[in-house]
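A.B. asks: One structure is given below, represented as structure tokens, and several questions about it will come after.
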There are 2 protein chains.
Amino acid sequence: MKKDFKIVGFDADDTLWVNEPYYQEIEGEFIRLISVFADPEDIARDLHEREIDNLGIYGYGAKGFMLSMIETAVNISNGKVGGTHIAGIIAMGRDLINKPITLIEGVESVLRSLYDAGIKLIVATKGDLLDQERKLAKSGLSKYFDHIEIMSYKTDSEYQKMLGTLGIEPDDFLMVGNSMKSDIIPVLDIGGYAVYVPYHTTWAHELVENTGNLGNFHEIREMKELRDVLGL
Amino acid sequence: MKKDFKIVGFDADDTLWVNEPYYQEIEGEFIRLISVFADPEDIARDLHEREIDNLGIYGYGAKGFMLSMIETAVNISNGKVGGTHIAGIIAMGRDLINKPITLIEGVESVLRSLYDAGIKLIVATKGDLLDQERKLAKSGLSKYFDHIEIMSYKTDSEYQKMLGTLGIEPDDFLMVGNSMKSDIIPVLDIGGYAVYVPYHTTWAHELVENTGNLGNFHEIREMKELRDVLGL
């Protein structure tokens, strides 16, 4: 793989910092709270279906997750859920938003190496704008990044638009992330480069349906290996 | 005022399309629904205080408004609000998100004039990313805009960062909007130009505490006057 990129983009959640385990923790608390009304399995199924159905209207992020939990509570209880339970769900959501940031191992030292080598770094992430800006501020990593791009959906055309705004060609762009679907495939599709760093809770590798030019793709096991990929 | 700008930015809500009246309509429905638990005035006061308190955690937009309404319902009813009322609030919020787009008079023809004159146009707006992208798509105005910038807060430094990303100087940027606080003052502060188009439901003009260089500022009554300001 070539080594000179004008911009290297990083996904945020579960690439720079821990995210998914926090959602799983809150989901567990929610299911325990609402299990007075239904079986835990039924609650989990209703919530997961609802989250997917609601992506189009609420998008990614904590607020949409809160609203999906509230909708599940109303539905699964046949409207019998009361104010106290609703207040409990709101408190869980606020707790999720206010979680501390736990950086993934090796992230800060790799960012510092790239930054010191004069490579322009950006964050390109899905999720809620305010959530992600807050997380970046709390992470202490802001100083390494030139730009934060929040994307509603990480599609080919959204990446193309982003590169257009940044004024660079796909050939000068490398994306680093833990999701084949969001971080890797669309970037390869448009002619960019991508490094896949699976998160340790990504149990099964997602299927790669189209990896474009495979010479543009690299998989690493830990973030620190990114230095080798870039010859630093 | 000078007439040649590299980029003209437009605020979205209540500058390009109607927004505030829809929120007021839903707020009225919410207060009627919850008035079985408390006086309408107390409900309205609780909601307004909560919306302001919650801006830091939820930001602007429909999802934060939905969560604030739910919190008000729980609080004002002392936890007695039930699942049916909560379902009603969720339905109102979804209704708000799915409202049709009503363009403000003169907007489309003015955008067409600027676009045809070769001026690069962008949307620079607060609010929820997904909400605003959906509204822009529904508005039919996407074709005129080169870029949409969603800002958590419209501050001096956020505008500066945006212009940095776009690679232009403040002196080459004109911002058009209906809020002195968000669209006009910060842009003048950083040395840009601004045109203020108050929305008709802006009853009292907001106080202007710092208008920077007043030669950079222009107020118009209707969007179509923007053509004269730019000599088109």
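Residues in the structure tokens are numbered from 1 in each chain, the chains being A, B, ... in the order shown, and ligands are numbered from 1 in the order shown.
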Do me a favour and pick out the residues of chain B within 8 Å of chain A, using only C-alpha atoms, as a list in words.

C.D. replies: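 My answer is Ile57, Tyr58, Gly59, Lys63, Gly64, Leu67, Glu71, Val74, Asn78, Gly79, Lys80, Val81, Gly82, Gly83, Thr84, Ile86, Ala87, Ile90, Arg94, Ile97, Asp128, Leu129, Leu130, His147, Ile150, Met151, Ser152, Thr165 and Leu166 of chain B.
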
A.B. asks: Please give the complete set of residues from range 66-228 of chain A that DSSP, run on the backbone, assigns to strand (DSSP E or B), formatted as a ChimeraX atom specification.

C.D. replies: /A:82,103,120-125,147-150,173-177,193-196,217-219

A.B. asks: Taking the chain letters and numbering used in this document, name the residues of range 25-204 of chain B that DSSP puts in helix (DSSP H, G or I), as a PyMOL selection string.

C.D. replies: chain B and resi 25-34+40-58+62-76+83-97+107-116+129-139+142-144+156-166+170-172+180-189

A.B. asks: Quick one: pull the distance between CA of Val195 in chain B and CA of Met175 in chain B, Å, one decimal.

C.D. replies: 6.2 Å

A.B. asks: List the spatial neighbours of range 30-47 of chain B as a ChimeraX atom specification - criterion: any atom at most 8 Å away, only C-alpha atoms, same-chain residues fewer than 2 positions off excluded.

C.D. replies: /B:26-28,49-51,68-69,72-73,76-77,85,89,92

A.B. asks: Mind pulling up the distance from CA of Lys2 in chain B to CA of Asp172 in chain B?

C.D. replies: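 So the two atoms, CA of Asp172 in chain B and CA of Lys2 in chain B, lie 9.6 Å apart.
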
A.B. asks: Hey, what's within 10 Å of Lys99 in chain B if we count only C-alpha atoms and toss same-chain stuff fewer than 2 positions away? As a list in words, please?

C.D. replies: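 Listed by chain and then number, they are Asn19, Tyr22, Gly93, Arg94, Asp95, Leu96, Ile97, Ile101, Thr102, Lys135 and Lys138 of chain B.
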
A.B. asks: What is the CA of Asp228 in chain B to CA of Ser113 in chain B distance in Å?

C.D. replies: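 According to the coordinates, CA of Asp228 in chain B and CA of Ser113 in chain B are separated by 11.2 Å.
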
A.B. asks: For Val123 in chain B, which of B:Pro186, B:Pro198, B:Gly177, B:Gly215 is the closest residue, counting only C-alpha atoms?

C.D. replies: B:Gly177
